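> So that you have it, the file is target_10.cif, and it contains mmCIF, C-alpha atoms:
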```
data_start
#
loop_
_atom_site.label_atom_id
_atom_site.label_comp_id
_atom_site.auth_asym_id
_atom_site.auth_seq_id
_atom_site.Cartn_x
_atom_site.Cartn_y
_atom_site.Cartn_z
CA MET A 1 -1.16 -16.80 -3.20
CA ALA A 2 -2.66 -16.69 0.27
CA GLU A 3 -4.94 -13.75 0.96
CA THR A 4 -2.66 -11.94 3.39
CA PHE A 5 -3.98 -8.52 2.43
CA THR A 6 -6.53 -6.32 4.19
CA ILE A 7 -8.86 -3.61 2.92
CA HIS A 8 -9.47 -0.55 5.10
CA ALA A 9 -12.26 1.71 3.89
CA GLY A 10 -13.91 4.80 5.29
CA ASP A 11 -14.48 8.53 4.99
CA VAL A 12 -11.58 10.99 5.11
CA ILE A 13 -11.90 13.44 8.00
CA GLU A 14 -8.51 15.14 7.62
CA VAL A 15 -5.60 15.29 5.15
CA GLN A 16 -2.05 16.30 6.12
CA LEU A 17 0.63 16.91 3.47
CA THR A 18 4.31 17.14 4.40
CA SER A 19 7.67 16.83 2.63
CA GLU A 20 10.96 15.47 3.87
CA THR A 21 14.44 15.96 2.42
CA VAL A 22 16.96 13.15 2.93
CA VAL A 23 20.62 14.12 2.42
CA ILE A 24 23.30 11.41 2.25
CA GLU A 25 26.72 12.74 3.17
CA THR A 26 30.05 11.35 2.00
CA PRO A 27 32.42 9.61 4.45
CA ASN A 28 34.34 12.86 4.92
CA GLY A 29 31.17 14.66 5.98
CA ARG A 30 30.73 16.67 2.78
CA ARG A 31 28.40 16.47 -0.14
CA ASP A 32 28.38 17.92 -3.63
CA ALA A 33 26.99 21.40 -4.04
CA ASP A 34 24.59 20.23 -6.75
CA ASP A 35 23.27 17.39 -4.62
CA ALA A 36 19.97 18.64 -3.23
CA GLY A 37 19.07 15.31 -1.63
CA ARG A 38 15.96 13.25 -2.10
CA ILE A 39 12.62 14.89 -1.37
CA THR A 40 9.86 12.58 -0.13
CA ASN A 41 6.29 13.86 -0.25
CA ARG A 42 4.13 12.30 2.44
CA MET A 43 0.38 12.28 2.80
CA ARG A 44 -1.32 11.31 6.05
CA LEU A 45 -5.01 10.47 5.97
CA PHE A 46 -7.27 10.33 8.99
CA VAL A 47 -10.08 7.93 8.11
CA ARG A 48 -13.31 7.17 9.95
CA HIS A 49 -14.48 3.63 9.31
CA ALA A 50 -18.07 2.44 9.15
CA ASP A 51 -17.94 1.27 12.78
CA GLY A 52 -16.92 4.77 13.92
CA LYS A 53 -13.27 3.88 14.58
CA GLU A 54 -10.72 6.43 13.40
CA GLU A 55 -7.25 5.52 12.11
CA LYS A 56 -4.41 7.29 10.32
CA TYR A 57 -2.50 6.04 7.28
CA ASP A 58 0.75 7.39 5.83
CA PHE A 59 1.62 7.31 2.13
CA ASP A 60 4.90 8.29 0.48
CA ASP A 61 5.09 9.88 -2.99
CA THR A 62 1.50 9.28 -3.99
CA GLU A 63 0.02 11.24 -6.88
CA LEU A 64 -3.58 10.53 -5.96
CA GLY A 65 -5.59 13.55 -4.89
CA VAL A 66 -7.75 13.13 -1.79
CA ARG A 67 -9.79 15.67 0.14
CA GLU A 68 -11.93 15.62 3.23
CA THR A 69 -15.35 13.91 3.13
CA GLN A 70 -14.27 11.64 0.29
CA THR A 71 -14.40 7.85 0.66
CA VAL A 72 -11.17 5.91 0.31
CA ALA A 73 -10.06 2.29 0.50
CA ILE A 74 -6.53 1.24 1.42
CA VAL A 75 -5.24 -2.19 0.44
CA ARG A 76 -2.35 -3.32 2.64
CA GLY A 77 -0.31 -6.51 2.50
CA LYS A 78 1.35 -8.53 5.26
CA LEU A 79 4.93 -9.63 4.57
CA ARG A 80 6.90 -12.36 6.22
CA ARG A 81 9.31 -11.22 8.90
CA ALA A 82 7.85 -7.71 8.74
CA LYS A 83 6.21 -6.06 11.73
CA GLU A 84 4.07 -3.62 9.79
CA PRO A 85 2.04 -4.24 6.62
CA VAL A 86 2.94 -2.34 3.45
CA ASN A 87 0.68 -0.13 1.38
CA LEU A 88 -0.32 -1.76 -1.89
CA ILE A 89 -3.05 0.38 -3.46
CA LEU A 90 -4.89 3.54 -2.46
CA PHE A 91 -8.39 3.93 -3.91
CA ASN A 92 -10.35 7.18 -4.00
CA LEU A 93 -13.82 5.68 -4.28
CA SER A 94 -15.45 9.09 -4.60
CA SER A 95 -13.48 10.04 -7.72
CA GLY A 96 -13.01 6.49 -9.08
CA GLU A 97 -9.20 6.77 -9.13
CA HIS A 98 -6.48 4.61 -7.61
CA ASP A 99 -2.73 4.72 -7.14
CA PRO A 100 -0.65 1.52 -6.83
CA PHE A 101 2.50 1.61 -4.71
CA GLU A 102 5.09 -0.13 -6.84
CA ARG A 103 7.60 -0.72 -4.06
CA GLY A 104 5.02 -2.40 -1.86
CA LEU A 105 3.56 -4.43 -4.74
CA ALA A 106 7.02 -5.65 -5.73
CA ARG A 107 7.71 -6.84 -2.19
CA TYR A 108 4.27 -8.41 -1.82
CA LEU A 109 3.97 -10.09 -5.22
CA GLY A 110 7.66 -10.76 -5.82
CA HIS A 111 8.82 -14.36 -5.93
CA LYS A 112 12.30 -15.70 -5.35
CA PRO A 113 13.04 -19.07 -7.03
CA PHE A 114 13.83 -21.92 -4.65
CA PHE A 115 16.85 -22.84 -6.78
CA GLY A 116 18.85 -19.77 -7.73
CA PRO A 117 21.17 -19.28 -10.72
CA LEU A 118 24.15 -20.81 -8.88
CA SER A 119 22.33 -24.06 -8.16
CA LYS A 120 20.91 -24.31 -11.67
CA ALA A 121 24.30 -23.60 -13.23
CA PHE A 122 25.90 -26.32 -11.08
CA VAL A 123 23.32 -28.89 -12.22
CA PHE A 124 23.79 -27.97 -15.89
CA ALA A 125 27.59 -28.04 -15.57
CA LEU A 126 27.43 -31.42 -13.86
CA GLY A 127 25.26 -32.76 -16.66
CA VAL A 128 27.73 -31.48 -19.24
CA ALA A 129 30.59 -33.12 -17.35
CA ILE A 130 28.81 -36.49 -17.30
CA VAL A 131 27.97 -36.37 -21.00
CA PHE A 132 31.49 -35.24 -21.89
CA TYR A 133 33.01 -38.05 -19.83
CA LEU A 134 30.80 -40.74 -21.40
CA VAL A 135 31.54 -39.56 -24.94
CA SER A 136 35.26 -39.20 -24.29
CA HIS A 137 35.73 -42.45 -22.39
CA TYR A 138 33.51 -44.84 -24.33
CA ILE A 139 33.45 -43.39 -27.87
CA VAL A 140 36.63 -41.39 -28.38
CA ARG A 141 39.08 -43.35 -26.18
CA HIS A 142 37.31 -46.72 -26.28
CA GLU A 143 37.48 -47.15 -22.50
CA GLN A 144 41.15 -46.24 -22.39
CA GLY A 145 42.25 -43.34 -20.16
CA ALA A 146 39.43 -42.88 -17.70
CA VAL A 147 41.48 -40.43 -15.62
CA MET A 148 42.18 -38.18 -18.60
CA SER A 149 38.54 -38.31 -19.68
CA GLY A 150 37.43 -37.38 -16.17
CA PHE A 151 39.92 -34.52 -15.98
CA LEU A 152 38.82 -33.12 -19.32
CA ALA A 153 35.16 -33.43 -18.34
CA LEU A 154 35.71 -31.50 -15.11
CA MET A 155 37.71 -28.83 -16.91
CA PHE A 156 35.03 -28.43 -19.56
CA ALA A 157 32.33 -28.21 -16.90
CA PHE A 158 34.39 -25.59 -15.04
CA LEU A 159 34.61 -23.48 -18.19
CA CYS A 160 30.88 -23.84 -18.88
CA TYR A 161 29.82 -22.97 -15.34
CA PRO A 162 30.07 -19.13 -15.70
CA VAL A 163 28.12 -19.30 -18.97
CA PHE A 164 25.34 -21.33 -17.36
CA TRP A 165 25.39 -19.00 -14.36
CA GLY A 166 24.85 -15.92 -16.50
CA ALA A 167 22.21 -17.62 -18.67
CA CYS A 168 20.26 -18.88 -15.64
CA GLY A 169 20.42 -15.47 -13.99
CA LEU A 170 19.11 -13.80 -17.13
CA TRP A 171 16.33 -16.37 -17.47
CA ASP A 172 15.28 -15.90 -13.85
CA ARG A 173 15.11 -12.12 -14.25
CA VAL A 174 13.12 -12.26 -17.49
CA SER A 175 10.70 -14.94 -16.30
CA GLU A 176 10.17 -13.26 -12.93
CA ASN A 177 9.55 -9.90 -14.61
CA MET A 178 6.92 -11.47 -16.87
CA ARG A 179 5.32 -13.32 -13.95
CA TYR A 180 5.28 -10.18 -11.78
CA LYS A 181 3.61 -8.05 -14.46
CA ARG A 182 0.94 -10.72 -14.93
CA GLU A 183 0.32 -11.07 -11.18
CA ARG A 184 0.32 -7.28 -10.70
CA ARG A 185 -2.33 -6.78 -13.37
CA ARG A 186 -4.46 -9.61 -11.98
CA PHE A 187 -4.15 -8.36 -8.39
CA ILE A 188 -5.07 -4.76 -9.23
CA ASP A 189 -8.09 -5.89 -11.28
CA ASP A 190 -9.18 -8.10 -8.40
CA MET A 191 -8.88 -5.26 -5.89
CA VAL A 192 -10.80 -2.87 -8.16
CA GLY A 193 -13.72 -5.28 -8.02
CA ARG A 194 -13.49 -5.90 -4.28
CA VAL A 195 -13.41 -2.28 -3.14
CA GLN A 196 -16.62 -1.50 -5.00
CA ALA A 197 -18.46 -2.89 -1.98
CA TYR A 198 -17.21 0.14 -0.02
CA ALA A 199 -18.01 2.75 -2.69
CA PRO A 200 -20.45 5.49 -1.65
CA LYS A 201 -23.98 4.95 -2.86
CA PRO A 202 -25.20 7.52 -5.39
CA GLN A 203 -27.77 9.85 -3.90
CA MET A 204 -31.21 9.73 -5.46
CA ALA A 205 -32.51 13.04 -6.70
CA SER A 206 -35.54 14.13 -4.72
CA ALA A 207 -38.77 14.43 -6.69
CA PRO A 208 -40.11 17.99 -7.10
CA ALA A 209 -42.91 18.86 -4.70
CA ALA A 210 -46.37 18.86 -6.18
CA PRO A 211 -47.92 22.33 -6.52
CA GLN A 212 -50.42 23.12 -3.84
CA GLN A 213 -54.01 23.65 -4.87
CA PRO A 214 -55.38 27.13 -4.05
#
```
Please express the file's structure as structure tokens.


Amino acid sequence: MAETFTIHAGDVIEVQLTSETVVIETPNGRRDADDAGRITNRMRLFVRHADGKEEKYDFDDTELGVRETQTVAIVRGKLRRAKEPVNLILFNLSSGEHDPFERGLARYLGHKPFFGPLSKAFVFALGVAIVFYLVSHYIVRHEQGAVMSGFLALMFAFLCYPVFWGACGLWDRVSENMRYKRERRRFIDDMVGRVQAYAPKPQMASAPAAPQQP
């Protein structure tokens, strides 16, 4: 995977917490009385970087606690055909905690197979049709009735196609889920190591002053 992520680190100078309620109405303009909508908690951090530049970052539904004067690192990823990068992980380097953003990680680390379930099912069904035709024409019918053998092969492949489609779709989901979990764990471990370069240095305790001689 190409390194299309960036790490933004600095000291927090201000924290703003807000909440937003999103209500989806029905086509007739009404909504159920028990539908309270979806509440989104948003945290905005104003961060001063090491070069003195100040920037703001917005985070939705994060459970990581951050206060002013603490040092944070934000890992963001660039997606294809997307104007703005997505938040991947927020690190509180002062407290040693981090919060991954699952939606952003899924978009960044997700992988779509080049050949989908439809294409794979078509190849498998075609292979079944060829094998069925060869067995029917050369072994069962002894090269008599090629048209009937071909018709039966196509019919059998047509019946097998939905089965292959469902099996290939299930395999793609299971394999992609396993691959994503492995890549997610590897990526987070890698970022944990990288952001340590931005962690605040522990302050050395000052030595007690020597008593003055009278």

> Considering only C-alpha atoms, state which residue in the set A:Asp60, A:Val135, A:Leu152, A:Met43 is at the smallest distance from Glu102 (chain A).

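Once distances to Glu102 (chain A) are computed over only C-alpha atoms, the minimum belongs to A:Asp60.
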
> Starting from the PyMOL selection byres ((chain A and resi 46-58) around 6), expand the selection into actual residues of this file and give them as a PyMOL selection string.

chain A and resi 10-14+43-45+59

> Excluding Leu109 (chain A) and residues on its chain fewer than 2 positions from it, collect all residues at most 12 Å away from it, counting only C-alpha atoms, and give them as a ChimeraX atom specification.

/A:1-5,77-79,86,88,101-107,111-112,176-177,179-188

> Could you save those same residues with C-alpha atoms as a PDB file, in the frame of the given file?


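Full text of selection07.pdb as output:
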```
ATOM      1  CA  MET A   1      -1.160 -16.800  -3.200  1.00  0.00           C
ATOM      2  CA  ALA A   2      -2.660 -16.690   0.270  1.00  0.00           C
ATOM      3  CA  GLU A   3      -4.940 -13.750   0.960  1.00  0.00           C
ATOM      4  CA  THR A   4      -2.660 -11.940   3.390  1.00  0.00           C
ATOM      5  CA  PHE A   5      -3.980  -8.520   2.430  1.00  0.00           C
ATOM      6  CA  GLY A  77      -0.310  -6.510   2.500  1.00  0.00           C
ATOM      7  CA  LYS A  78       1.350  -8.530   5.260  1.00  0.00           C
ATOM      8  CA  LEU A  79       4.930  -9.630   4.570  1.00  0.00           C
ATOM      9  CA  VAL A  86       2.940  -2.340   3.450  1.00  0.00           C
ATOM     10  CA  LEU A  88      -0.320  -1.760  -1.890  1.00  0.00           C
ATOM     11  CA  PHE A 101       2.500   1.610  -4.710  1.00  0.00           C
ATOM     12  CA  GLU A 102       5.090  -0.130  -6.840  1.00  0.00           C
ATOM     13  CA  ARG A 103       7.600  -0.720  -4.060  1.00  0.00           C
ATOM     14  CA  GLY A 104       5.020  -2.400  -1.860  1.00  0.00           C
ATOM     15  CA  LEU A 105       3.560  -4.430  -4.740  1.00  0.00           C
ATOM     16  CA  ALA A 106       7.020  -5.650  -5.730  1.00  0.00           C
ATOM     17  CA  ARG A 107       7.710  -6.840  -2.190  1.00  0.00           C
ATOM     18  CA  HIS A 111       8.820 -14.360  -5.930  1.00  0.00           C
ATOM     19  CA  LYS A 112      12.300 -15.700  -5.350  1.00  0.00           C
ATOM     20  CA  GLU A 176      10.170 -13.260 -12.930  1.00  0.00           C
ATOM     21  CA  ASN A 177       9.550  -9.900 -14.610  1.00  0.00           C
ATOM     22  CA  ARG A 179       5.320 -13.320 -13.950  1.00  0.00           C
ATOM     23  CA  TYR A 180       5.280 -10.180 -11.780  1.00  0.00           C
ATOM     24  CA  LYS A 181       3.610  -8.050 -14.460  1.00  0.00           C
ATOM     25  CA  ARG A 182       0.940 -10.720 -14.930  1.00  0.00           C
ATOM     26  CA  GLU A 183       0.320 -11.070 -11.180  1.00  0.00           C
ATOM     27  CA  ARG A 184       0.320  -7.280 -10.700  1.00  0.00           C
ATOM     28  CA  ARG A 185      -2.330  -6.780 -13.370  1.00  0.00           C
ATOM     29  CA  ARG A 186      -4.460  -9.610 -11.980  1.00  0.00           C
ATOM     30  CA  PHE A 187      -4.150  -8.360  -8.390  1.00  0.00           C
ATOM     31  CA  ILE A 188      -5.070  -4.760  -9.230  1.00  0.00           C
TER      32      ILE A 188
END
```

> Just say which residues the PyMOL selection byres ((chain A and resi 64) around 9) picks in this file, as JSON, numbers by chain.

{"A": [62, 63, 65, 66, 90, 91, 92, 97, 98, 99]}

> What gap, in Å, lies between CA of Val147 (chain A) and CA of Leu118 (chain A)?

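That distance, rounded to one decimal, is 27.0 Å.
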
> Can you tell me how far CA of Gly127 (chain A) sits from CA of Phe156 (chain A), in Å to one decimal?

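Straight-line distance from CA of Gly127 (chain A) to CA of Phe156 (chain A) works out to 11.1 Å.
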
> Could you tell me which of A:Val15, A:Ala167, A:Val140, A:Ile74 comes closest to Pro117 (chain A) if we count all atoms listed in the file?

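Looking at the shortest contact to Pro117 (chain A), the residue is A:Ala167.
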
> Quick one: apply the PyMOL selection byres ((chain A and resi 19) around 8) to the file and drop the selected residues here as an MDAnalysis selection string.

chainID A and resid 17:18 20:21 39:42

> So, counting all atoms listed in the file, which residue among A:Met191, A:Ile130, A:Gly116, A:Arg76 is closest to Leu154 (chain A)?

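Among A:Met191, A:Ile130, A:Gly116, A:Arg76, it is A:Ile130 that comes nearest to Leu154 (chain A).
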
> When you draw a straight line from CA of Glu68 (chain A) to CA of Pro85 (chain A), how long is it in Å?

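It comes out at 24.5 Å.
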